[in-house]
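J.: To be precise about what I am sending: the file is called entry.cif and holds mmCIF, N, CA and C atoms.
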data_final
loop_
_atom_site.label_atom_id
_atom_site.label_comp_id
_atom_site.auth_asym_id
_atom_site.auth_seq_id
_atom_site.Cartn_x
_atom_site.Cartn_y
_atom_site.Cartn_z
N MET A 463 19.95 -44.34 22.10
CA MET A 463 19.51 -44.48 23.47
C MET A 463 20.44 -43.66 24.36
N PRO A 464 19.89 -42.90 25.32
CA PRO A 464 20.74 -42.06 26.16
C PRO A 464 21.59 -42.90 27.10
N ALA A 465 22.62 -42.26 27.60
CA ALA A 465 23.49 -42.93 28.56
C ALA A 465 22.69 -43.29 29.80
N PRO A 466 23.05 -44.40 30.49
CA PRO A 466 22.28 -44.83 31.65
C PRO A 466 22.24 -43.80 32.78
N ASP A 467 23.21 -42.89 32.84
CA ASP A 467 23.23 -41.92 33.93
C ASP A 467 22.35 -40.71 33.67
N VAL A 468 21.70 -40.64 32.52
CA VAL A 468 20.81 -39.52 32.22
C VAL A 468 19.45 -39.83 32.84
N THR A 469 19.18 -39.14 33.94
CA THR A 469 17.90 -39.31 34.63
C THR A 469 17.28 -37.93 34.81
N ALA A 470 16.08 -37.92 35.33
CA ALA A 470 15.42 -36.65 35.58
C ALA A 470 16.23 -35.81 36.57
N GLN A 471 16.87 -36.47 37.52
CA GLN A 471 17.67 -35.74 38.50
C GLN A 471 18.86 -35.04 37.84
N THR A 472 19.57 -35.73 36.93
CA THR A 472 20.72 -35.11 36.27
C THR A 472 20.26 -34.00 35.32
N ILE A 473 19.14 -34.19 34.67
CA ILE A 473 18.59 -33.14 33.79
C ILE A 473 18.21 -31.92 34.63
N ALA A 474 17.57 -32.15 35.77
CA ALA A 474 17.17 -31.04 36.64
C ALA A 474 18.41 -30.28 37.12
N GLU A 475 19.46 -30.99 37.47
CA GLU A 475 20.69 -30.32 37.91
C GLU A 475 21.31 -29.50 36.78
N ARG A 476 21.26 -30.02 35.56
CA ARG A 476 21.81 -29.28 34.43
C ARG A 476 21.00 -28.02 34.14
N ILE A 477 19.68 -28.09 34.31
CA ILE A 477 18.84 -26.90 34.11
C ILE A 477 19.16 -25.87 35.20
N GLU A 478 19.29 -26.32 36.43
CA GLU A 478 19.63 -25.40 37.53
C GLU A 478 20.99 -24.75 37.29
N ASP A 479 21.96 -25.53 36.81
CA ASP A 479 23.29 -24.97 36.51
C ASP A 479 23.21 -23.94 35.39
N LEU A 480 22.43 -24.25 34.37
CA LEU A 480 22.31 -23.35 33.22
C LEU A 480 21.70 -22.01 33.62
N TYR A 481 20.65 -22.05 34.43
CA TYR A 481 19.96 -20.82 34.81
C TYR A 481 20.43 -20.25 36.15
N ALA A 482 21.29 -20.97 36.85
CA ALA A 482 21.88 -20.54 38.12
C ALA A 482 20.81 -20.17 39.16
N GLN A 483 19.76 -20.97 39.20
CA GLN A 483 18.68 -20.78 40.18
C GLN A 483 18.14 -22.16 40.55
N PRO A 484 17.52 -22.26 41.74
CA PRO A 484 16.90 -23.54 42.12
C PRO A 484 15.71 -23.86 41.22
N LEU A 485 15.44 -25.14 41.07
CA LEU A 485 14.39 -25.59 40.17
C LEU A 485 13.02 -25.03 40.56
N ALA A 486 12.74 -24.92 41.84
CA ALA A 486 11.44 -24.38 42.27
C ALA A 486 11.26 -22.95 41.77
N ASP A 487 12.31 -22.14 41.84
CA ASP A 487 12.23 -20.77 41.34
C ASP A 487 12.06 -20.75 39.82
N LEU A 488 12.74 -21.66 39.16
CA LEU A 488 12.64 -21.73 37.69
C LEU A 488 11.25 -22.16 37.25
N GLU A 489 10.63 -23.07 38.01
CA GLU A 489 9.27 -23.50 37.67
C GLU A 489 8.30 -22.33 37.79
N THR A 490 8.48 -21.51 38.82
CA THR A 490 7.63 -20.32 39.00
C THR A 490 7.85 -19.34 37.84
N LEU A 491 9.11 -19.13 37.49
CA LEU A 491 9.44 -18.23 36.40
C LEU A 491 8.88 -18.74 35.07
N ALA A 492 8.98 -20.04 34.85
CA ALA A 492 8.45 -20.62 33.61
C ALA A 492 6.93 -20.51 33.55
N GLY A 493 6.28 -20.54 34.70
CA GLY A 493 4.83 -20.41 34.74
C GLY A 493 4.33 -19.05 34.31
N LEU A 494 5.19 -18.04 34.39
CA LEU A 494 4.81 -16.69 33.97
C LEU A 494 4.69 -16.57 32.46
N ASN A 495 5.44 -17.37 31.73
CA ASN A 495 5.40 -17.35 30.26
C ASN A 495 5.46 -18.79 29.76
N PRO A 496 4.37 -19.56 29.94
CA PRO A 496 4.41 -20.99 29.66
C PRO A 496 4.53 -21.37 28.18
N ASP A 497 4.17 -20.47 27.28
CA ASP A 497 4.15 -20.85 25.87
C ASP A 497 5.30 -20.28 25.06
N GLY A 498 6.08 -19.38 25.63
CA GLY A 498 7.03 -18.72 24.77
C GLY A 498 8.45 -18.65 25.25
N SER A 499 8.92 -19.63 26.02
CA SER A 499 10.30 -19.53 26.46
C SER A 499 10.97 -20.89 26.45
N MET A 500 12.27 -20.85 26.32
CA MET A 500 13.05 -22.08 26.36
C MET A 500 12.95 -22.70 27.74
N LEU A 501 12.94 -21.87 28.78
CA LEU A 501 12.84 -22.37 30.14
C LEU A 501 11.54 -23.15 30.32
N ALA A 502 10.43 -22.63 29.84
CA ALA A 502 9.15 -23.32 29.96
C ALA A 502 9.18 -24.66 29.23
N ALA A 503 9.82 -24.69 28.07
CA ALA A 503 9.92 -25.95 27.32
C ALA A 503 10.78 -26.96 28.08
N LEU A 504 11.88 -26.51 28.67
CA LEU A 504 12.74 -27.40 29.44
C LEU A 504 12.02 -27.94 30.67
N ILE A 505 11.30 -27.08 31.37
CA ILE A 505 10.56 -27.50 32.56
C ILE A 505 9.46 -28.49 32.19
N ALA A 506 8.76 -28.25 31.09
CA ALA A 506 7.71 -29.17 30.65
C ALA A 506 8.31 -30.52 30.26
N GLY A 507 9.43 -30.50 29.55
CA GLY A 507 10.10 -31.75 29.18
C GLY A 507 10.58 -32.51 30.41
N LEU A 508 11.08 -31.77 31.39
CA LEU A 508 11.52 -32.40 32.64
C LEU A 508 10.34 -33.04 33.36
N ALA A 509 9.21 -32.37 33.40
CA ALA A 509 8.02 -32.94 34.04
C ALA A 509 7.58 -34.23 33.34
N ASP A 510 7.64 -34.24 32.01
CA ASP A 510 7.30 -35.46 31.26
C ASP A 510 8.29 -36.58 31.57
N LEU A 511 9.56 -36.26 31.67
CA LEU A 511 10.59 -37.25 31.99
C LEU A 511 10.36 -37.80 33.40
N GLN A 512 10.06 -36.94 34.35
CA GLN A 512 9.81 -37.38 35.72
C GLN A 512 8.57 -38.28 35.78
N PHE A 513 7.53 -37.94 35.03
CA PHE A 513 6.33 -38.77 34.99
C PHE A 513 6.64 -40.15 34.43
N ALA A 514 7.43 -40.20 33.36
CA ALA A 514 7.80 -41.50 32.77
C ALA A 514 8.58 -42.34 33.78
N GLU A 515 9.49 -41.72 34.51
CA GLU A 515 10.26 -42.48 35.50
C GLU A 515 9.37 -42.99 36.63
N ARG A 516 8.43 -42.17 37.09
CA ARG A 516 7.51 -42.63 38.13
C ARG A 516 6.63 -43.76 37.62
N ASN A 517 6.21 -43.66 36.36
CA ASN A 517 5.37 -44.70 35.77
C ASN A 517 6.13 -46.02 35.66
N ILE A 518 7.39 -45.95 35.30
CA ILE A 518 8.21 -47.18 35.23
C ILE A 518 8.27 -47.83 36.61
N ASP A 519 8.54 -47.03 37.63
CA ASP A 519 8.62 -47.57 39.00
C ASP A 519 7.29 -48.18 39.44
N PHE A 520 6.20 -47.48 39.17
CA PHE A 520 4.88 -47.98 39.56
C PHE A 520 4.57 -49.30 38.84
N GLN A 521 4.75 -49.32 37.53
CA GLN A 521 4.43 -50.52 36.76
C GLN A 521 5.34 -51.70 37.15
N ARG A 522 6.58 -51.40 37.46
CA ARG A 522 7.50 -52.46 37.90
C ARG A 522 7.01 -53.07 39.21
N GLN A 523 6.60 -52.22 40.16
CA GLN A 523 6.08 -52.73 41.43
C GLN A 523 4.81 -53.56 41.20
N ARG A 524 3.96 -53.09 40.32
CA ARG A 524 2.72 -53.82 40.02
C ARG A 524 3.03 -55.17 39.37
N LEU A 525 4.01 -55.19 38.48
CA LEU A 525 4.41 -56.44 37.84
C LEU A 525 4.95 -57.43 38.86
N LEU A 526 5.73 -56.93 39.81
CA LEU A 526 6.26 -57.80 40.87
C LEU A 526 5.12 -58.37 41.72
N GLN A 527 4.09 -57.58 41.98
CA GLN A 527 2.93 -58.07 42.74
C GLN A 527 2.21 -59.16 41.96
N LEU A 528 1.99 -58.89 40.67
CA LEU A 528 1.23 -59.85 39.85
C LEU A 528 1.99 -61.15 39.63
N ALA A 529 3.29 -61.07 39.57
CA ALA A 529 4.10 -62.26 39.28
C ALA A 529 4.72 -62.85 40.55
N ASP A 530 4.16 -62.55 41.69
CA ASP A 530 4.68 -63.08 42.95
C ASP A 530 4.70 -64.61 42.89
N PRO A 531 5.79 -65.24 43.34
CA PRO A 531 5.90 -66.70 43.26
C PRO A 531 4.81 -67.45 44.04
N GLU A 532 4.26 -66.86 45.07
CA GLU A 532 3.23 -67.53 45.85
C GLU A 532 1.83 -67.32 45.28
N ARG A 533 1.74 -66.58 44.22
CA ARG A 533 0.45 -66.26 43.64
C ARG A 533 0.18 -67.17 42.45
N GLU A 534 -1.04 -67.64 42.35
CA GLU A 534 -1.41 -68.46 41.20
C GLU A 534 -1.75 -67.55 40.03
N ILE A 535 -1.19 -67.88 38.87
CA ILE A 535 -1.41 -67.05 37.69
C ILE A 535 -2.38 -67.78 36.75
N GLY A 536 -3.55 -67.17 36.62
CA GLY A 536 -4.55 -67.71 35.70
C GLY A 536 -4.65 -66.83 34.46
N THR A 537 -5.67 -67.06 33.69
CA THR A 537 -5.86 -66.29 32.45
C THR A 537 -6.04 -64.81 32.74
N PHE A 538 -6.80 -64.51 33.77
CA PHE A 538 -7.07 -63.12 34.12
C PHE A 538 -5.77 -62.41 34.52
N GLU A 539 -4.98 -63.03 35.37
CA GLU A 539 -3.72 -62.44 35.83
C GLU A 539 -2.72 -62.32 34.69
N ALA A 540 -2.71 -63.30 33.80
CA ALA A 540 -1.77 -63.28 32.66
C ALA A 540 -2.02 -62.05 31.79
N GLY A 541 -3.28 -61.71 31.59
CA GLY A 541 -3.61 -60.52 30.81
C GLY A 541 -3.09 -59.26 31.48
N HIS A 542 -3.22 -59.20 32.81
CA HIS A 542 -2.71 -58.05 33.55
C HIS A 542 -1.19 -57.98 33.49
N ILE A 543 -0.53 -59.12 33.56
CA ILE A 543 0.93 -59.15 33.48
C ILE A 543 1.40 -58.65 32.12
N LEU A 544 0.75 -59.10 31.05
CA LEU A 544 1.11 -58.63 29.71
C LEU A 544 0.86 -57.13 29.56
N ASP A 545 -0.26 -56.66 30.08
CA ASP A 545 -0.57 -55.23 30.00
C ASP A 545 0.47 -54.41 30.78
N CYS A 546 0.84 -54.90 31.94
CA CYS A 546 1.83 -54.21 32.76
C CYS A 546 3.19 -54.16 32.04
N ALA A 547 3.58 -55.26 31.42
CA ALA A 547 4.85 -55.30 30.68
C ALA A 547 4.81 -54.32 29.50
N ARG A 548 3.66 -54.24 28.83
CA ARG A 548 3.53 -53.29 27.71
C ARG A 548 3.64 -51.85 28.21
N ARG A 549 3.03 -51.57 29.34
CA ARG A 549 3.09 -50.22 29.90
C ARG A 549 4.52 -49.85 30.31
N ILE A 550 5.25 -50.82 30.83
CA ILE A 550 6.66 -50.56 31.17
C ILE A 550 7.44 -50.23 29.90
N SER A 551 7.20 -51.00 28.86
CA SER A 551 7.88 -50.76 27.59
C SER A 551 7.58 -49.36 27.05
N ASP A 552 6.31 -48.96 27.10
CA ASP A 552 5.92 -47.62 26.64
C ASP A 552 6.58 -46.53 27.48
N ALA A 553 6.61 -46.73 28.80
CA ALA A 553 7.19 -45.72 29.69
C ALA A 553 8.70 -45.62 29.48
N VAL A 554 9.36 -46.73 29.25
CA VAL A 554 10.81 -46.70 28.99
C VAL A 554 11.09 -45.97 27.68
N ALA A 555 10.29 -46.23 26.66
CA ALA A 555 10.47 -45.53 25.39
C ALA A 555 10.25 -44.02 25.56
N ALA A 556 9.22 -43.65 26.31
CA ALA A 556 8.95 -42.22 26.56
C ALA A 556 10.09 -41.60 27.35
N ARG A 557 10.56 -42.29 28.38
CA ARG A 557 11.66 -41.77 29.20
C ARG A 557 12.90 -41.55 28.35
N ASP A 558 13.24 -42.54 27.53
CA ASP A 558 14.44 -42.42 26.70
C ASP A 558 14.32 -41.29 25.69
N ALA A 559 13.14 -41.13 25.11
CA ALA A 559 12.94 -40.05 24.13
C ALA A 559 13.06 -38.68 24.80
N HIS A 560 12.43 -38.52 25.96
CA HIS A 560 12.52 -37.24 26.67
C HIS A 560 13.95 -36.96 27.13
N ALA A 561 14.63 -37.98 27.64
CA ALA A 561 16.00 -37.79 28.11
C ALA A 561 16.92 -37.42 26.95
N LYS A 562 16.74 -38.06 25.81
CA LYS A 562 17.58 -37.76 24.64
C LYS A 562 17.33 -36.34 24.14
N ALA A 563 16.08 -35.95 24.04
CA ALA A 563 15.75 -34.61 23.55
C ALA A 563 16.26 -33.54 24.51
N LEU A 564 16.00 -33.71 25.80
CA LEU A 564 16.45 -32.72 26.78
C LEU A 564 17.97 -32.65 26.85
N SER A 565 18.64 -33.79 26.77
CA SER A 565 20.11 -33.79 26.80
C SER A 565 20.67 -33.05 25.59
N GLY A 566 20.07 -33.27 24.43
CA GLY A 566 20.52 -32.58 23.22
C GLY A 566 20.34 -31.08 23.31
N VAL A 567 19.19 -30.65 23.80
CA VAL A 567 18.93 -29.22 23.93
C VAL A 567 19.87 -28.60 24.95
N LEU A 568 20.02 -29.26 26.10
CA LEU A 568 20.89 -28.72 27.14
C LEU A 568 22.35 -28.69 26.70
N ALA A 569 22.76 -29.65 25.88
CA ALA A 569 24.14 -29.65 25.38
C ALA A 569 24.38 -28.47 24.45
N SER A 570 23.33 -27.99 23.78
CA SER A 570 23.50 -26.88 22.85
C SER A 570 23.42 -25.51 23.53
N LEU A 571 22.98 -25.48 24.78
CA LEU A 571 22.85 -24.22 25.50
C LEU A 571 24.03 -24.03 26.44
N HIS A 572 24.39 -22.79 26.67
CA HIS A 572 25.46 -22.48 27.62
C HIS A 572 25.20 -21.11 28.24
N ARG A 573 25.80 -20.89 29.37
CA ARG A 573 25.66 -19.60 30.05
C ARG A 573 26.53 -18.58 29.36
N VAL A 574 26.00 -17.39 29.20
CA VAL A 574 26.75 -16.28 28.63
C VAL A 574 27.34 -15.51 29.80
N PRO A 575 28.63 -15.19 29.75
CA PRO A 575 29.22 -14.44 30.86
C PRO A 575 28.53 -13.09 31.03
N ALA A 576 28.44 -12.68 32.28
CA ALA A 576 27.80 -11.39 32.58
C ALA A 576 28.64 -10.27 31.98
N PRO A 577 27.99 -9.25 31.43
CA PRO A 577 28.75 -8.14 30.86
C PRO A 577 29.48 -7.36 31.96
N ASP A 578 30.61 -6.76 31.58
CA ASP A 578 31.37 -5.94 32.53
C ASP A 578 30.56 -4.69 32.86
N ASP A 579 30.89 -4.10 34.00
CA ASP A 579 30.19 -2.87 34.41
C ASP A 579 30.50 -1.71 33.47
N ALA A 580 31.70 -1.71 32.92
CA ALA A 580 32.08 -0.62 32.02
C ALA A 580 31.59 -0.95 30.62
N LYS A 581 30.55 -0.27 30.22
CA LYS A 581 30.00 -0.48 28.88
C LYS A 581 30.69 0.49 27.93
N PRO A 582 31.03 0.03 26.74
CA PRO A 582 31.62 0.98 25.79
C PRO A 582 30.59 2.02 25.39
N GLU A 583 31.05 3.26 25.36
CA GLU A 583 30.14 4.35 25.00
C GLU A 583 29.97 4.38 23.49
N PRO A 584 28.76 4.67 23.02
CA PRO A 584 28.56 4.73 21.58
C PRO A 584 29.33 5.90 20.98
N ALA A 585 29.76 5.72 19.75
CA ALA A 585 30.49 6.78 19.06
C ALA A 585 29.56 7.96 18.83
N PRO A 586 30.04 9.18 19.07
CA PRO A 586 29.16 10.35 18.87
C PRO A 586 28.88 10.54 17.39
N ALA A 587 27.68 11.01 17.12
CA ALA A 587 27.30 11.27 15.73
C ALA A 587 28.05 12.50 15.23
N ALA A 588 28.35 12.50 13.96
CA ALA A 588 29.07 13.63 13.37
C ALA A 588 28.18 14.87 13.44
N PRO A 589 28.70 15.98 13.97
CA PRO A 589 27.88 17.19 14.07
C PRO A 589 27.59 17.75 12.68
N ASN A 590 26.42 18.32 12.54
CA ASN A 590 25.98 18.95 11.29
C ASN A 590 26.07 18.00 10.11
N ALA A 591 25.82 16.72 10.34
CA ALA A 591 25.86 15.77 9.23
C ALA A 591 24.59 15.93 8.40
N ALA A 592 24.79 16.01 7.11
CA ALA A 592 23.64 16.15 6.21
C ALA A 592 23.01 14.78 6.04
N PRO A 593 21.68 14.72 5.92
CA PRO A 593 21.03 13.43 5.72
C PRO A 593 21.45 12.85 4.37
N VAL A 594 21.55 11.54 4.36
CA VAL A 594 21.93 10.84 3.14
C VAL A 594 20.68 10.71 2.28
N PRO A 595 20.75 11.21 1.00
CA PRO A 595 19.56 11.13 0.15
C PRO A 595 19.28 9.69 -0.26
N ALA A 596 18.01 9.42 -0.46
CA ALA A 596 17.62 8.08 -0.93
C ALA A 596 18.02 7.96 -2.40
N PRO A 597 18.38 6.76 -2.84
CA PRO A 597 18.77 6.60 -4.24
C PRO A 597 17.60 6.91 -5.18
N ALA A 598 17.93 7.55 -6.29
CA ALA A 598 16.90 7.89 -7.28
C ALA A 598 16.47 6.65 -8.01
N ARG A 599 15.19 6.63 -8.38
CA ARG A 599 14.68 5.49 -9.11
C ARG A 599 15.17 5.54 -10.55
N ALA A 600 15.46 4.38 -11.06
CA ALA A 600 15.87 4.30 -12.45
C ALA A 600 14.67 4.53 -13.34
N ILE A 601 14.90 5.26 -14.41
CA ILE A 601 13.81 5.56 -15.34
C ILE A 601 13.78 4.45 -16.38
N ALA A 602 12.62 3.86 -16.58
CA ALA A 602 12.48 2.79 -17.56
C ALA A 602 12.48 3.38 -18.96
N ARG A 603 13.27 2.81 -19.80
CA ARG A 603 13.33 3.29 -21.18
C ARG A 603 12.40 2.46 -22.03
N THR A 604 11.76 3.09 -22.97
CA THR A 604 10.88 2.40 -23.91
C THR A 604 11.38 2.64 -25.31
N ARG A 605 11.01 1.88 -26.25
CA ARG A 605 11.42 2.05 -27.64
C ARG A 605 10.61 3.04 -28.33
#
Render the structure in this file as structure tokens.
T.:
Amino acid sequence: MPAPDVTAQTIAERIEDLYAQPLADLETLAGLNPDGSMLAALIAGLADLQFAERNIDFQRQRLLQLADPEREIGTFEAGHILDCARRISDAVAARDAHAKALSGVLASLHRVPAPDDAKPEPAPAAPNAAPVPAPARAIARTR
């Protein structure tokens, strides 16, 4: 189970730090290549994590409405309360899975320092170098 401080907000901040751009710009960039980039996968995972968190909040509010102390709970309401509790459980499991996966991926990624302006020049090719011949095929011997 992920640490309690791993939320969609902390994941979003880590993605912004990794790519050194605001999340809105990164979402636009990820939309240009949605199927073939790490950024697109991170943004999609973040969206799933955010949805799970919103679903937990919504279901929690609904559960509080259904279980209000001034409200009479009959068979019909009891079914809704159980369904709401199940949905909270599903959303928490989804949130934890997304947070764990995204945290693991982000922990494995790091920024590469920008290259210096002075690039090493390639070594010059030897003048008048003769091409290297391909190795001759071995001749199979028979009896």
J.: Expand the PyMOL selection byres (((chain A and resi 538-546 and name CA) around 12) and name CA) into the explicit residue set it covers here, and present it as a count of residues only.
T.: 26
J.: Starting from the PyMOL selection byres ((chain A and resi 511) around 6.5), expand the selection into actual residues of this file and give them as a ChimeraX atom specification.
T.: /A:470,506-510,512-516,556-557,560-561
J.: Using only C-alpha atoms for the distances, tell me which of A:Val574, A:Ala563, A:Met500, A:Leu494 is nearest to Val468 in chain A.
T.: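 Distance minimum relative to Val468 in chain A lands on A:Ala563.
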J.: One decimal, Å: what's the distance from CA of Leu488 in chain A over to atom N of Thr469 in chain A, could you say?
T.: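 Separation between CA of Leu488 in chain A and atom N of Thr469 in chain A: 19.0 Å.
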J.: So the first atom is atom N of Leu568 in chain A and the second is CA of Leu501 in chain A; what is the distance between them in Å, to one decimal place?
T.: 10.7 Å
J.: I need the residue nearest Glu478 in chain A from this list: A:Gly498, A:Asp558, A:Gly493, A:Arg573. Use only C-alpha atoms for the distance.
T.: A:Arg573
J.: What's around Glu489 in chain A at 8 Å? Count all atoms listed in the file, leave out sequence neighbours fewer than 6 positions away in its own chain, and write the answer as a PyMOL selection string.
T.: chain A and resi 483+501-502+505
J.: With N, CA and C atoms retained, export the selected residues as a PDB file, in the frame of the given file.
T.:
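The result, written out as part_38.pdb:
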ATOM      1  N   GLN A 483      19.760 -20.970  39.200  1.00  0.00           N
ATOM      2  CA  GLN A 483      18.680 -20.780  40.180  1.00  0.00           C
ATOM      3  C   GLN A 483      18.140 -22.160  40.550  1.00  0.00           C
ATOM      4  N   LEU A 501      12.940 -21.870  28.780  1.00  0.00           N
ATOM      5  CA  LEU A 501      12.840 -22.370  30.140  1.00  0.00           C
ATOM      6  C   LEU A 501      11.540 -23.150  30.320  1.00  0.00           C
ATOM      7  N   ALA A 502      10.430 -22.630  29.840  1.00  0.00           N
ATOM      8  CA  ALA A 502       9.150 -23.320  29.960  1.00  0.00           C
ATOM      9  C   ALA A 502       9.180 -24.660  29.230  1.00  0.00           C
ATOM     10  N   ILE A 505      11.300 -27.080  31.370  1.00  0.00           N
ATOM     11  CA  ILE A 505      10.560 -27.500  32.560  1.00  0.00           C
ATOM     12  C   ILE A 505       9.460 -28.490  32.190  1.00  0.00           C
TER      13      ILE A 505
END
J.: What is the distance between CA of Gln471 in chain A and CA of Leu485 in chain A, in Å to one decimal?
T.: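 Taking CA of Gln471 in chain A and CA of Leu485 in chain A, their separation equals 10.8 Å.
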J.: With distances taken over only N, CA and C atoms, which residue among A:Asp487, A:Tyr481, A:Pro531, A:Ile473 lies nearest Ser565 in chain A?
T.: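 When distances to Ser565 in chain A are compared using only N, CA and C atoms, the smallest one comes from A:Ile473.
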J.: Can you tell me which residues surround Leu504 in chain A at a distance of at most 9 Å, considering only C-alpha atoms, apart from same-chain residues fewer than 6 positions away, and format the answer as a list of chain:residue names?
T.: A:Ile477, A:Leu564, A:Val567, A:Leu568
J.: Any chance you could work out the axis-aligned box around range 488-491 of chain A, listed atoms only, 6 Å on each side, giving centre and edge lengths in Å to one decimal, as AutoDock Vina command-line options?
T.:
--center_x 10.2 --center_y -20.9 --center_z 37.1 --size_x 17.1 --size_y 17.3 --size_z 16.1
